[in-house]
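Asker: The following block contains the structure, expressed as structure tokens.
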Amino acid sequence: MSGGAGATSARWISPRLRRAALVAMALAATAGCDQAAKSAARSRLAGGPPVALWGGAVRFEYAENRGAFLSLGESLPHGVRFAVFVLLVGAALAAALAFALRSRSLPAPELAALALMAGGGLGNLIDRVARAGSVVDFVSVGWGPLRTGIFNLADAAITAGALLFLWASLRQSDEALSPPG
């Protein structure tokens with residue numbers, strides 16, 4: 001007899017329900033960690049000087065961003081920013097989640113990638129709704145004059161998810177093109 005009670009009960013849970021539970025856990029973990037980090041940034045960094053680690057390779061500094069990546073769209077009128085960054089992003093998140101949950105053929109790496117991107121998007125969407133259209137950013141990395149813009153954990157999750165999705169898709173394409181061996 002192998003697997004124990006956990007393995008037996010897992011067989012009774014449908015694959016669709018397991019998939020939904022995994023996506024929900026990834027969303028909650030990603031958005032939850034992002035919100036906790038932003039809360040810490042607000043309480044410890046707002047109004048203070050930047051904090052540099054490892055010779056300035058990592059720098060923590062508080063910023064509120066009303067735009068998207070690198071403040072793109074920050075100067076748009078409030079109503080347009082709301083439509084793009086709240087309504088459109090919310091609809092895109094809902095569509096991505098619906099696709100992830102309904103697709104029976106989506107491989108695990110792509111599912112994980114979509115969950116990371118959606119969790120990051122949700123973290124930033126929570127900020128936009130709760131903070132009158134702003135997102136809290138608090139970390140940058142770089143050496144000397146080469147630095148990233150200031151970002152947050154949600155941005156890192158979105159980027160990691162996009163890279164994972166690209167890697168998994170390219171890997172799958174390479175496997176499909178390779179002759180059987």
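By convention here, the chains of the structure tokens are called A, B, ... in the order presented, each chain's residues are numbered starting at 1, and ligands are numbered starting at 1 in the order presented.
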For the contact check between region 100-123 of chain A and region 25-36 of chain A, emit one row per residue of region 100-123 of chain A within 12 Å, containing the shortest atom pair and the distance in Å rounded to one decimal, counting only C-alpha atoms, chain then rising number order, as a tab-separated table.

Answerer:
```
residue	atom	partner	partner_atom	distance
A:Leu111	CA	A:Ala26	CA	10.2
A:Ala112	CA	A:Ala26	CA	7.9
A:Ala113	CA	A:Ala26	CA	10.0
A:Leu114	CA	A:Leu27	CA	9.7
A:Ala115	CA	A:Ala26	CA	6.0
A:Leu116	CA	A:Ala26	CA	6.7
A:Met117	CA	A:Leu27	CA	8.9
A:Ala118	CA	A:Leu27	CA	6.8
A:Gly119	CA	A:Leu27	CA	4.3
A:Gly120	CA	A:Ala31	CA	6.0
A:Gly121	CA	A:Ala31	CA	8.1
A:Leu122	CA	A:Ala31	CA	6.1
A:Gly123	CA	A:Ala31	CA	4.4
```

Asker: Compile the contact shell of Trp143 (chain A) as a ChimeraX atom specification: residues with an atom at most 10 Å away, counting only C-alpha atoms, same-chain residues fewer than 2 positions apart removed.

Answerer: /A:54-58,141,145-148

Asker: Please report, as a ChimeraX atom specification, each residue of region 21-177 of chain A to which DSSP assigns alpha helix (DSSP H) when run on this structure's backbone.

Answerer: /A:21-44,78-82,89-102,108-130,153-177

Asker: Rounded to one decimal in Å, what is the spacing between CA of Arg44 (chain A) and CA of Ala63 (chain A)?

Answerer: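 Value for the CA of Arg44 (chain A)-CA of Ala63 (chain A) distance: 12.3 Å.
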
Asker: Please report the interatomic distance between CA of Trp12 (chain A) and CA of Ala95 (chain A) in Å with one decimal.

Answerer: 28.2 Å

Asker: Do a neighbour search on region 82-94 of chain A at 10 Å with only C-alpha atoms, toss out local chain neighbours closer than 4 positions, and write the hits as a list of chain:residue names.

Answerer: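 Selected residues are A:Arg66, A:Gly67, A:Ala68, A:Gly73, A:Leu76, A:Pro77, A:His78, A:Ala98, A:Phe99, A:Ala100, A:Leu114, A:Ala115, A:Met117, A:Ala118, A:Gly119, A:Gly120, A:Gly121, A:Leu122, A:Asn124, A:Leu125, A:Ile126, A:Asp127, A:Arg128, A:Val129, A:Ala132, A:Gly133, A:Ser134.
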
Asker: Skip Leu101 (chain A) itself and residues of its chain fewer than 3 positions away, then list as a list in words all residues within 9 Å of it, counting only C-alpha atoms.

Answerer: Arg16, Arg19, Ala20, Val23, Ala96, Leu97, Ala98, Arg104 and Leu111 of chain A

Asker: Neighbouring residues of Glu110 (chain A) were defined as those with any atom within 8 Å, considering only C-alpha atoms; residues of the same chain fewer than 5 positions away were excluded. Please report them as a ChimeraX atom specification.

Answerer: /A:164-165,168-169
